[in-house]
Every structure is written in C-alpha cells, then in structure tokens.
Amino acid sequence: MIAQRALLFSFICASCALCSTARQFSRDSQHRPVIANLQDSLTDEVHTESKKAKREVALSAGYDADAGSPPADTPDDSDDSLATAEGSELPTCLLCVCLTGSVYCEEVVPDMTAVPPLPKETAYLYARYNKIKKIKAKDFADVVTLKRIDLTGNIISEIEDGAFLKLTLLEELTLAENNLVKLPMLPAKLRSFNANHNQLRTSGVKANIFQKLTQLTYLYLANNELEAVPPLPESLRTVHLQNNNIAAVSDETFCKGNNTYYIRPNINEIRMEGNPVILGKYPNSFTCLSSLPIGQYS
C-alpha cells in the first residue's frame with residue numbers, strides 16, 4: 001500500500017513539472033519574437049547611423065560612398081585624380097570642394113601654399129584666403145578651360161611670365177589682397193581684372209599691358225603705389241585708381257589731346273580719390289568723358 005502511494009505521488013510531481021516546463025516554454029516562445037525584433041531594430045538603427053556618418057565623411061571628401069565612385073567632374077585618369085597639392089599628400093578634391101566645372105579651395109587647412117593640381121575641364125577656380133606664395137607657369141598650363149580665377153587674400157609676390165597666357169577663355173582674373181609689385185602679361189579675352197590692395201608701382205606695369213585687352217570692361221587697381229595712370233583700352237567702362245600715388249594726369253590720359261572731337265563713350269566711372277593729384281588743374285584732360293572722375297579738384 002505504501003509503495004502504491006509513493007508511486008502515485010511521484011507520478012503527480014512529474015506531471016506538475018512537465019506542465020510547468022510547458023508553460024515556461026510557451027511564455028518564452030511568445031516573447032522571443034519581440035526580443036528578436038527589438039534586437040534587429042537596434043542593429044538596423046546602428047547600421048543606418050554608421051552608414052550616414054560614413055556618407056557625410058565621404059561627401060566632405062568629394063565622393064559618394066553609396067555610389068562607390070568619384071563625382072562626375074573628377075577626372076577619370078588615375079594619375080590626375082590622385083594628383084596632390086605641393087606640401088600635401090591629399091588629392092585636390094579632398095583639400096577642396098570640386099563641383100561640376102568648379103573648384104573651391106578657400107581657407108584650406110593645412111595651409112595651401114601653392115596652386116593645387118586641378119581636375120581637367122575646370123572652368124572656375126576660387127582659391128581665396130590661403131597661403132599661396134607664387135604662381136608658376138605650369139600651374140594652369142593644362143587647364144585651358146578656365147574662365148574665372150579668384151586668388152584673393154593670399155601672399156602672392158611673384159607670377160612667372162606666361163602663367164596666364166595659355167588661358168584663351170579666361171574672362172575674370174582676381175589677384176586682390178596679395179603682395180604683387182609687378183604684373184604679368186594677361187590673356188586677350190579678359191573682361192575683368194582686379195589687383196586692388198597690392199604693392200604695384202608704375203615700373204611694374206608694362207605700358208601696353210591693358211591696351212591690348214580689347215574686351216576689358218572692368219579694371220580695379222585701387223590701393224597700390226602707382227605713380228601714373230596706365231594707358232587704358234577703349235572698351236573700359238569702370239576703372240578704380242583710388243588710393244595710389246598718382247600726382248598728375250595729361251590730355252592723353254583719358255582723351256586724345258590732338259582731337260577735340262574724340263569721345264570716349266563706354267567709360268562711365270573713374271575713381272581717383274585718395275591720390276595727390278588735383279584734378280581741377282587739368283580741365284582739358286576730361287573733355288572726352290561723359291562724367292568727371294571722382295577725386296580731389298581743389
């Protein structure tokens with residue numbers, strides 16, 4: 001009898017244990033998908049953030065990480081695409097921002113001390129406020145597609161002869177806020193030239209440098225050390241010569257002294273304030289102009 005009771009008791013305990021295990025398994029089965037889904041969600045979120053961060057870094061470096069290729073304006077030639085700026089091991093489009101036809105290299109860190117190799121077919125270069133010291137003849141020799149160059153705010157003190165002469169499409173050249181004491185010859189199709197805030201003297205500006213530019217419309221030479229007005233082309237509309245050392249003008253400076261019928265129709269703004277010249281002493285110097293120069297008259 002006792003053996004029968006013991007056997008019955010063991011059977012009941014085993015049944016309870018089995019039921020408990022079944023219930024636990026059921027609860028685990030119900031929660032496991034939720035936990036798995038939560039883990040998958042967290043994994044996806046981390047992956048997405050990581051991918052986003054990588055993409056932002058890639059875009060700042062000038063290429064699309066998803067596309068796995070450089071932007072359309074990056075040259076296909078591997079030698080050109082890996083060309084490096086002087087004193088740096090980084091490709092141009094990692095130092096700069098390269099968009100289709102345009103290169104922006106402004107306030108580059110570490111300091112940019114020379115013009116970087118440019119992608120082929122670059123049309124617009126903005127390399128302002130860097131530490132570029134010299135423009136070499138080879139800097140733009142292979143980029144004949146350039147239409148605009150802006151080198152404002154560097155420390156350029158020398159430009160080699162012929163540095164710009166191959167740029168037959170160049171229309172705008174800005175060399176303002178540098179240390180230039182003389183100018184190189186300029187390309188024929190130039191329409192705007194800005195060399196404000198340099199150290200230019202008349203001896204450093206060739207006599208015919210601007211007269212040959214038959215399409216030059218805007219000329220900015222303010223805040224230099226010029227002692228005289230350089231010969232100007234007929235195409236000019238605006239010329240800024242303020243804050244130089246110009247002490248006199250003549251009947252030939254803006255007009256033609258031997259031709260009282262000569263009219264200069266295009267030019268409409270001449271600024272000469274801040275020079276020692278007293279313009280009122282030279283009344284015959286402005287008879288061909290539609291408006292008098294801005295400056296000191298008495």
# chains A, B, ... in the order shown; residues from 1 in each chain; ligands from 1
>>> residues_around(residues="A:Val108", least_positions_apart="5", cutoff="9 Å", atoms="only C-alpha atoms", output="list in words")
Leu95, Cys96, Ala127, Tyr129, Asn130 and Lys131 of chain A
>>> residues_around(residues="stretch 163-173 of chain A", least_positions_apart="4", cutoff="9 Å", atoms="only C-alpha atoms", output="tab-separated table (two decimals) with N, CA, C and O atoms, in the first residue's frame")
chain	number	residue	atom	x	y	z
A	123	ALA	N	36.46	75.14	-64.99
A	123	ALA	CA	36.15	76.45	-65.57
A	123	ALA	C	36.28	77.58	-64.55
A	123	ALA	O	36.60	78.71	-64.90
A	135	ILE	N	52.78	82.06	-58.34
A	135	ILE	CA	52.06	81.42	-59.44
A	135	ILE	C	53.09	81.01	-60.48
A	135	ILE	O	53.82	81.86	-61.02
A	136	LYS	N	53.16	79.72	-60.75
A	136	LYS	CA	54.14	79.20	-61.70
A	136	LYS	C	53.51	79.05	-63.09
A	136	LYS	O	52.29	78.90	-63.21
A	137	ALA	N	54.34	79.07	-64.10
A	137	ALA	CA	53.85	78.96	-65.47
A	137	ALA	C	53.12	77.65	-65.70
A	137	ALA	O	52.19	77.57	-66.51
A	138	LYS	N	53.51	76.60	-64.98
A	138	LYS	CA	52.91	75.28	-65.18
A	138	LYS	C	51.59	75.10	-64.41
A	138	LYS	O	50.87	74.13	-64.64
A	139	ASP	N	51.26	76.02	-63.50
A	139	ASP	CA	50.08	75.83	-62.65
A	139	ASP	C	48.79	75.70	-63.45
A	139	ASP	O	47.90	74.94	-63.08
A	140	PHE	N	48.67	76.47	-64.52
A	140	PHE	CA	47.43	76.46	-65.32
A	140	PHE	C	47.67	75.98	-66.75
A	140	PHE	O	46.77	76.08	-67.59
A	141	ALA	N	48.85	75.44	-67.01
A	141	ALA	CA	49.22	75.08	-68.38
A	141	ALA	C	48.30	74.04	-69.00
A	141	ALA	O	48.04	74.05	-70.20
A	142	ASP	N	47.77	73.13	-68.17
A	142	ASP	CA	46.93	72.04	-68.69
A	142	ASP	C	45.44	72.24	-68.44
A	142	ASP	O	44.65	71.33	-68.64
A	143	VAL	N	45.07	73.45	-67.99
A	143	VAL	CA	43.66	73.71	-67.68
A	143	VAL	C	43.21	74.91	-68.51
A	143	VAL	O	42.86	75.97	-67.98
A	144	VAL	N	43.21	74.73	-69.81
A	144	VAL	CA	42.91	75.84	-70.73
A	144	VAL	C	41.42	76.17	-70.77
A	144	VAL	O	41.02	77.10	-71.47
A	145	THR	N	40.60	75.44	-70.03
A	145	THR	CA	39.16	75.69	-69.99
A	145	THR	C	38.78	76.74	-68.94
A	145	THR	O	37.60	77.10	-68.84
A	146	LEU	N	39.73	77.24	-68.20
A	146	LEU	CA	39.42	78.20	-67.13
A	146	LEU	C	38.82	79.49	-67.68
A	146	LEU	O	39.33	80.09	-68.63
A	147	LYS	N	37.73	79.91	-67.03
A	147	LYS	CA	37.06	81.18	-67.38
A	147	LYS	C	37.17	82.21	-66.26
A	147	LYS	O	37.07	83.40	-66.51
A	148	ARG	N	37.35	81.72	-65.04
A	148	ARG	CA	37.44	82.64	-63.90
A	148	ARG	C	38.42	82.10	-62.88
A	148	ARG	O	38.38	80.92	-62.53
A	149	ILE	N	39.30	82.97	-62.40
A	149	ILE	CA	40.25	82.62	-61.35
A	149	ILE	C	40.17	83.70	-60.27
A	149	ILE	O	40.31	84.89	-60.58
A	150	ASP	N	39.98	83.29	-59.03
A	150	ASP	CA	39.94	84.23	-57.91
A	150	ASP	C	40.95	83.77	-56.86
A	150	ASP	O	40.78	82.74	-56.22
A	151	LEU	N	42.02	84.55	-56.69
A	151	LEU	CA	43.09	84.25	-55.75
A	151	LEU	C	43.20	85.33	-54.67
A	151	LEU	O	44.28	85.59	-54.13
A	159	ILE	N	54.59	86.18	-60.03
A	159	ILE	CA	53.86	85.41	-61.04
A	159	ILE	C	54.79	85.23	-62.22
A	159	ILE	O	55.26	86.21	-62.81
A	184	PRO	N	52.10	90.26	-64.66
A	184	PRO	CA	52.49	89.51	-65.85
A	184	PRO	C	51.62	89.95	-67.03
A	184	PRO	O	50.65	90.70	-66.87
A	185	MET	N	51.93	89.48	-68.22
A	185	MET	CA	51.06	89.72	-69.36
A	185	MET	C	49.75	88.96	-69.14
A	185	MET	O	49.74	87.88	-68.54
A	186	LEU	N	48.68	89.53	-69.65
A	186	LEU	CA	47.35	89.00	-69.37
A	186	LEU	C	46.71	88.47	-70.65
A	186	LEU	O	47.00	88.95	-71.75
A	187	PRO	N	45.81	87.47	-70.54
A	187	PRO	CA	45.18	86.87	-71.72
A	187	PRO	C	44.25	87.86	-72.42
A	187	PRO	O	43.62	88.71	-71.79
A	188	ALA	N	44.14	87.71	-73.73
A	188	ALA	CA	43.49	88.72	-74.58
A	188	ALA	C	42.00	88.89	-74.33
A	188	ALA	O	41.45	89.97	-74.55
A	189	LYS	N	41.31	87.83	-73.90
A	189	LYS	CA	39.86	87.91	-73.76
A	189	LYS	C	39.39	88.35	-72.37
A	189	LYS	O	38.20	88.31	-72.07
A	190	LEU	N	40.32	88.80	-71.55
A	190	LEU	CA	39.98	89.20	-70.20
A	190	LEU	C	38.97	90.37	-70.22
A	190	LEU	O	39.14	91.35	-70.94
A	191	ARG	N	37.93	90.22	-69.41
A	191	ARG	CA	36.90	91.26	-69.31
A	191	ARG	C	36.95	91.99	-67.97
A	191	ARG	O	36.54	93.14	-67.88
A	192	SER	N	37.44	91.32	-66.94
A	192	SER	CA	37.52	91.93	-65.62
A	192	SER	C	38.86	91.56	-64.98
A	192	SER	O	39.21	90.38	-64.90
A	193	PHE	N	39.58	92.60	-64.50
A	193	PHE	CA	40.86	92.36	-63.83
A	193	PHE	C	40.88	93.16	-62.53
A	193	PHE	O	40.64	94.37	-62.52
A	194	ASN	N	41.17	92.46	-61.43
A	194	ASN	CA	41.16	93.09	-60.10
A	194	ASN	C	42.48	92.81	-59.41
A	194	ASN	O	42.80	91.67	-59.09
A	195	ALA	N	43.26	93.89	-59.18
A	195	ALA	CA	44.50	93.79	-58.43
A	195	ALA	C	44.51	94.83	-57.31
A	195	ALA	O	45.56	95.38	-56.98
A	215	GLN	N	38.70	93.64	-74.90
A	215	GLN	CA	37.40	93.33	-74.30
A	215	GLN	C	37.35	93.68	-72.82
A	215	GLN	O	36.34	93.41	-72.15
A	216	LEU	N	38.42	94.28	-72.29
A	216	LEU	CA	38.47	94.61	-70.87
A	216	LEU	C	37.42	95.67	-70.55
A	216	LEU	O	37.39	96.74	-71.15
>>> atom_distance(atom1="atom CA of A:Thr238", atom2="atom CA of A:Asn223")
15.8 Å
>>> residues_around(residues="A:Leu226", least_positions_apart="2", cutoff="12 Å", atoms="only C-alpha atoms", output="ChimeraX atom specification")
/A:181-182,195-205,221-224,228-230,240-248,272,274-276
>>> write_last_selection(atoms="C-alpha atoms", output="compact mmCIF listing (two decimals), in the first residue's frame")
# COMPACT_ATOMS: atom_id res chain seq x y z
CA VAL A 181 54.91 94.52 -57.15
CA LYS A 182 54.52 93.83 -60.88
CA ALA A 195 44.50 93.79 -58.43
CA ASN A 196 43.27 96.00 -55.60
CA HIS A 197 45.34 96.10 -52.40
CA ASN A 198 48.76 95.08 -53.69
CA GLN A 199 52.09 96.92 -53.91
CA LEU A 200 52.07 97.72 -57.62
CA ARG A 201 54.23 100.54 -58.91
CA THR A 202 54.13 102.02 -62.40
CA SER A 203 57.53 100.47 -63.16
CA GLY A 204 55.99 97.04 -62.53
CA VAL A 205 53.13 97.53 -65.02
CA LEU A 221 43.87 98.91 -59.33
CA ALA A 222 42.95 100.72 -56.11
CA ASN A 223 45.16 100.80 -53.02
CA ASN A 224 48.51 100.31 -54.73
CA ALA A 228 50.64 107.35 -63.10
CA VAL A 229 47.51 106.16 -64.87
CA PRO A 230 48.40 103.29 -67.25
CA HIS A 240 39.29 102.24 -60.00
CA LEU A 241 42.58 104.00 -59.22
CA GLN A 242 41.85 105.43 -55.79
CA ASN A 243 44.46 105.49 -53.03
CA ASN A 244 47.59 105.40 -55.19
CA ASN A 245 50.44 107.92 -55.63
CA ILE A 246 49.22 109.50 -58.88
CA ALA A 247 50.35 113.13 -58.87
CA ALA A 248 49.34 114.28 -62.37
CA MET A 272 40.80 108.71 -58.31
CA GLY A 274 42.99 109.40 -52.31
CA ASN A 275 45.70 110.42 -54.82
CA PRO A 276 47.83 113.58 -54.52
>>> atom_distance(atom1="atom CA of A:Glu177", atom2="atom CA of A:Gly153")
4.7 Å
